[in-house]
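Just my_file.cif here, mmCIF, C-alpha atoms:
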```
data_query
#
loop_
_atom_site.label_atom_id
_atom_site.label_comp_id
_atom_site.auth_asym_id
_atom_site.auth_seq_id
_atom_site.Cartn_x
_atom_site.Cartn_y
_atom_site.Cartn_z
CA MET W 260 11.49 28.91 -82.72
CA ARG W 261 13.76 31.81 -81.78
CA PHE W 262 12.24 35.29 -81.61
CA PRO W 263 14.27 38.45 -82.02
CA ILE W 264 14.49 40.63 -78.95
CA SER W 265 13.03 44.02 -79.64
CA ARG W 266 10.87 46.70 -78.11
CA GLN W 267 7.80 44.80 -79.29
CA THR W 268 8.92 41.30 -78.32
CA SER W 269 9.96 40.02 -74.92
CA GLN W 270 12.72 37.45 -74.47
CA ASN W 271 10.23 34.58 -74.59
CA GLY W 272 8.58 35.87 -77.77
CA GLU W 273 5.40 37.20 -76.17
CA ALA W 274 4.20 40.75 -76.60
CA SER W 275 6.30 42.80 -74.20
CA LEU W 276 3.75 45.53 -73.57
CA LYS W 277 2.43 43.37 -70.71
CA VAL W 278 5.92 42.52 -69.43
CA PRO W 279 7.62 45.13 -67.27
CA VAL W 280 10.96 46.32 -68.53
CA LEU W 281 14.01 46.19 -66.23
CA PHE W 282 16.81 48.58 -67.10
CA VAL W 283 20.12 47.11 -65.92
CA ASP W 284 23.20 49.25 -65.34
CA VAL W 285 26.57 47.48 -65.45
CA ASP W 286 29.11 49.46 -63.39
CA GLY W 287 28.08 49.18 -59.76
CA VAL W 288 25.45 46.51 -60.47
CA ILE W 289 27.27 43.76 -62.41
CA SER W 290 30.85 45.10 -62.40
CA VAL W 291 31.52 46.02 -58.78
CA PHE W 292 34.06 48.51 -57.49
CA GLY W 293 35.06 50.33 -54.32
CA PHE W 294 35.17 47.21 -52.18
CA PRO W 295 37.88 46.86 -49.49
CA SER W 296 41.23 45.86 -50.97
CA ASP W 297 42.24 43.93 -47.85
CA ALA W 298 39.40 41.39 -48.22
CA PRO W 299 38.60 38.83 -50.92
CA PRO W 300 36.92 40.50 -53.91
CA PRO W 301 33.14 40.07 -54.18
CA GLY W 302 33.53 38.59 -57.65
CA ARG W 303 35.97 37.42 -60.26
CA PHE W 304 38.18 39.73 -62.29
CA HIS W 305 37.86 39.72 -66.07
CA SER W 306 39.63 41.85 -68.63
CA VAL W 307 37.14 43.75 -70.77
CA GLU W 308 38.85 45.61 -73.57
CA GLY W 309 42.02 45.69 -71.49
CA ILE W 310 40.31 47.05 -68.37
CA PRO W 311 39.95 44.80 -65.30
CA HIS W 312 36.36 44.44 -64.10
CA CYS W 313 35.27 42.57 -61.00
CA ILE W 314 32.11 40.77 -62.10
CA GLY W 315 30.06 40.10 -58.97
CA HIS W 316 29.49 36.54 -57.83
CA ASP W 317 26.13 35.08 -58.93
CA CYS W 318 24.96 38.18 -60.82
CA GLY W 319 24.32 36.12 -63.98
CA GLU W 320 22.07 33.73 -62.07
CA ARG W 321 20.27 36.69 -60.52
CA LEU W 322 19.60 38.23 -63.94
CA LEU W 323 18.30 34.90 -65.24
CA ARG W 324 15.82 34.76 -62.34
CA LEU W 325 14.61 38.24 -63.29
CA ALA W 326 14.29 37.35 -66.99
CA ASP W 327 11.18 35.28 -66.22
CA GLU W 328 9.28 38.39 -65.10
CA PHE W 329 10.96 41.23 -67.03
CA GLU W 330 12.30 42.25 -70.38
CA LEU W 331 15.92 42.91 -69.40
CA VAL W 332 17.55 45.89 -71.14
CA TRP W 333 21.13 47.11 -70.73
CA ALA W 334 21.12 50.73 -69.51
CA THR W 335 24.85 51.35 -69.33
CA GLY W 336 27.53 53.57 -70.73
CA TRP W 337 28.95 50.35 -72.17
CA GLU W 338 26.05 50.48 -74.68
CA GLU W 339 26.56 47.74 -77.34
CA ARG W 340 29.83 46.64 -75.74
CA ALA W 341 27.72 45.10 -72.97
CA ASN W 342 26.50 42.46 -75.44
CA GLU W 343 30.00 41.90 -76.77
CA HIS W 344 31.22 40.75 -73.35
CA LEU W 345 28.56 40.11 -70.73
CA PRO W 346 26.20 37.42 -72.06
CA SER W 347 29.01 34.84 -72.13
CA LEU W 348 30.64 36.03 -68.87
CA LEU W 349 27.29 35.91 -67.07
CA GLY W 350 25.92 32.76 -68.71
CA LEU W 351 22.87 34.60 -70.06
CA GLY W 352 22.76 32.61 -73.29
CA ARG W 353 21.62 35.60 -75.33
CA GLU W 354 22.14 39.28 -75.95
CA LEU W 355 19.86 41.86 -74.38
CA PRO W 356 18.36 44.98 -75.93
CA THR W 357 20.67 47.92 -75.33
CA LEU W 358 19.87 51.58 -74.86
CA ALA W 359 21.74 54.16 -76.92
CA PHE W 360 22.12 57.47 -75.12
CA ASP W 361 21.69 61.00 -76.38
CA GLU W 362 23.80 62.58 -73.68
CA THR W 363 27.42 62.22 -72.63
CA PRO W 364 27.85 59.93 -69.62
CA ILE W 365 28.67 61.72 -66.39
CA TRP W 366 30.38 59.51 -63.81
CA GLY W 367 28.44 59.15 -60.58
CA THR W 368 25.03 60.14 -61.96
CA ALA W 369 22.27 58.45 -63.91
CA HIS W 370 20.36 61.48 -65.17
CA TRP W 371 22.13 61.35 -68.55
CA LYS W 372 20.31 58.05 -69.15
CA LEU W 373 16.82 59.44 -68.55
CA SER W 374 15.80 60.41 -72.10
CA ALA W 375 16.67 56.95 -73.47
CA VAL W 376 15.10 55.15 -70.51
CA ASP W 377 11.94 57.24 -70.83
CA ARG W 378 11.60 56.58 -74.58
CA TYR W 379 11.99 52.82 -74.18
CA ALA W 380 9.70 52.59 -71.14
CA ARG W 381 6.90 54.76 -72.47
CA GLY W 382 3.55 53.10 -71.82
CA ARG W 383 5.03 50.22 -69.81
CA ALA W 384 5.73 49.36 -66.22
CA ALA W 385 9.45 49.87 -65.66
CA ALA W 386 12.05 49.09 -63.04
CA TRP W 387 15.63 50.31 -63.12
CA ILE W 388 18.58 48.98 -61.13
CA ASP W 389 21.57 51.33 -60.88
CA ASP W 390 24.10 52.53 -58.32
CA SER W 391 23.81 56.26 -58.96
CA PHE W 392 20.31 57.68 -59.10
CA ASP W 393 19.95 61.40 -58.58
CA ASP W 394 16.98 63.67 -57.85
CA SER W 395 15.97 63.87 -61.52
CA CYS W 396 15.71 60.07 -61.69
CA HIS W 397 13.42 60.01 -58.65
CA ALA W 398 11.32 62.88 -60.04
CA TRP W 399 10.96 60.98 -63.34
CA ALA W 400 9.87 57.81 -61.54
CA GLU W 401 7.32 59.67 -59.41
CA SER W 402 5.85 61.53 -62.40
CA ARG W 403 5.25 58.48 -64.60
CA PRO W 404 1.67 57.27 -64.91
CA GLU W 405 2.92 53.67 -65.27
CA PRO W 406 4.21 51.66 -62.30
CA THR W 407 7.89 52.48 -61.77
CA LEU W 408 10.51 51.17 -59.35
CA LEU W 409 14.07 52.40 -58.83
CA VAL W 410 16.44 49.99 -57.09
CA ARG W 411 19.77 51.39 -55.90
CA THR W 412 22.77 49.11 -55.45
CA ASP W 413 25.92 49.57 -53.41
CA PRO W 414 28.66 49.64 -56.10
CA ALA W 415 30.98 47.62 -53.85
CA VAL W 416 28.40 44.80 -53.69
CA GLY W 417 26.26 45.02 -56.84
CA ILE W 418 22.99 43.18 -57.36
CA THR W 419 21.99 40.98 -54.41
CA ASP W 420 19.37 38.32 -53.75
CA GLU W 421 17.43 40.97 -51.79
CA HIS W 422 17.32 43.22 -54.89
CA VAL W 423 16.10 40.29 -56.98
CA GLU W 424 13.37 39.47 -54.48
CA GLU W 425 12.25 43.11 -54.31
CA LEU W 426 12.05 43.27 -58.11
CA LEU W 427 10.19 39.95 -58.45
CA VAL W 428 7.62 40.89 -55.79
CA TRP W 429 7.07 44.24 -57.53
CA ALA W 430 6.72 42.63 -61.00
CA ARG W 431 4.17 40.11 -59.72
CA ARG W 432 2.19 42.87 -58.03
CA VAL W 433 2.21 44.88 -61.27
CA ALA W 434 1.10 41.82 -63.27
CA LEU W 435 -1.95 41.43 -61.05
CA LYS W 436 -3.04 44.98 -61.93
CA ILE W 437 -2.75 44.52 -65.71
#
```
In structure tokens, how does this file's structure come out?
Amino acid sequence: MRFPISRQTSQNGEASLKVPVLFVDVDGVISVFGFPSDAPPPGRFHSVEGIPHCIGHDCGERLLRLADEFELVWATGWEERANEHLPSLLGLGRELPTLAFDETPIWGTAHWKLSAVDRYARGRAAAWIDDSFDDSCHAWAESRPEPTLLVRTDPAVGITDEHVEELLVWARRVALKI
């Protein structure tokens, strides 16, 4: 039986209020940039709506590892376009819930995502992986009563095995407290 993915249902169909949510940015996490041009790219180039994106090696496999412990949610300026392109490129096998933002994206910051992230995460443990947190993101994380983890990536590298391990350890620790 296939369950719809929603705020109330995790990817495996169980009530998601006990499953931490992981907000996943795309640019700088999945689509890497700023890497040295004189070395092999850290991923494979794909054209997404006519724009070349370097999709980091193994990031699909890394997200699949995280999907066992988290409800994965796109938190990207791509919004619904993430589901139009990334599930097949990454081998995810399904679309992910996607945040819609109230504010205009501002390159190099994540604070414009906060109101949507906060609404979706309310009452739940939440982790967020992004390449551009600012002071307001850290203040939000510190002020939440629920367990919260911010994981910053290097946009030239994207999500790594070390990030995945940090997130999995955190999610298992949170699960023991529920």
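For His370 in chain W, the list of residues within 8 Å, based on all atoms listed in the file and with local chain neighbours fewer than 5 positions off taken out, reads W:Phe392, W:Asp393, W:Ser395, W:Cys396.
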Residues matched by the PyMOL selection byres ((chain W and resi 375) around 8) as a ChimeraX atom specification:
/W:358-361,372-374,376-379
- Message: Could you list, as a PyMOL selection string, every residue within 10 Å of Val285 in chain W, counting only C-alpha atoms and ignoring same-chain residues fewer than 2 positions away?
- Response: chain W and resi 282-283+287-291+314+333-338+341+345+388-390+414+417-418
*Any chance you could work out the residue set of the PyMOL selection byres ((chain W and resi 348) around 12) here, as an MDAnalysis selection string?*
chainID W and resid 289:290 302:307 312:320 341:347 349:354
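Picked out by the PyMOL selection byres ((chain W and resi 294) around 10) when it runs on this file: W:Val291, W:Phe292, W:Gly293, W:Pro295, W:Ser296, W:Asp297, W:Ala298, W:Pro299, W:Pro300, W:Pro301, W:Cys313, W:Asp413, W:Pro414, W:Ala415, W:Val416.
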Nearby residues (only C-alpha atoms) at most 8 Å from Leu427 in chain W, same-chain spacing under 4 positions excluded, as a PDB file with C-alpha atoms, in the coordinates of the input:
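Resulting contents of around24.pdb:
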```
ATOM      1  CA  LEU W 325      14.610  38.240 -63.290  1.00  0.00           C
ATOM      2  CA  GLU W 328       9.280  38.390 -65.100  1.00  0.00           C
ATOM      3  CA  VAL W 423      16.100  40.290 -56.980  1.00  0.00           C
ATOM      4  CA  ARG W 431       4.170  40.110 -59.720  1.00  0.00           C
TER       5      ARG W 431
END
```
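CA of Leu322 in chain W lies 23.3 Å from CA of Gly382 in chain W.
The coordinates place CA of Glu339 in chain W at 18.1 Å from CA of Trp387 in chain W.
One distance worth recording is that between CA of Asp420 in chain W and CA of Trp399 in chain W, which is 26.0 Å.
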Discussion item. So that I can check the surroundings of Val433 in chain W, please list as a list of chain:residue names every protein, DNA and RNA residue that reaches within 10 Å of it, counting only C-alpha atoms and ignoring chain neighbours fewer than 5 positions away.
Written reply: W:Lys277, W:Val278, W:Pro279, W:Ala384, W:Ala385, W:Glu405, W:Pro406, W:Thr407, W:Leu427, W:Val428
Could you write out that same residue set with C-alpha atoms as a short mmCIF file (atom, residue, chain, number, x, y, z; two decimals), in the frame of the given file?
```
data_model
loop_
_atom_site.label_atom_id
_atom_site.label_comp_id
_atom_site.auth_asym_id
_atom_site.auth_seq_id
_atom_site.Cartn_x
_atom_site.Cartn_y
_atom_site.Cartn_z
CA LYS W 277 2.43 43.37 -70.71
CA VAL W 278 5.92 42.52 -69.43
CA PRO W 279 7.62 45.13 -67.27
CA ALA W 384 5.73 49.36 -66.22
CA ALA W 385 9.45 49.87 -65.66
CA GLU W 405 2.92 53.67 -65.27
CA PRO W 406 4.21 51.66 -62.30
CA THR W 407 7.89 52.48 -61.77
CA LEU W 427 10.19 39.95 -58.45
CA VAL W 428 7.62 40.89 -55.79
#
```
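Considering all atoms listed in the file, the residue among W:Arg383, W:Leu281, W:Trp429, W:Trp371 positioned nearest to Glu330 in chain W is W:Leu281.
Comparing the minimum interatomic distances between Glu425 in chain W and each of W:Ala400, W:Ala386, W:Leu355, W:Ala380, counting all atoms listed in the file, we find that W:Ala386 sits nearest.
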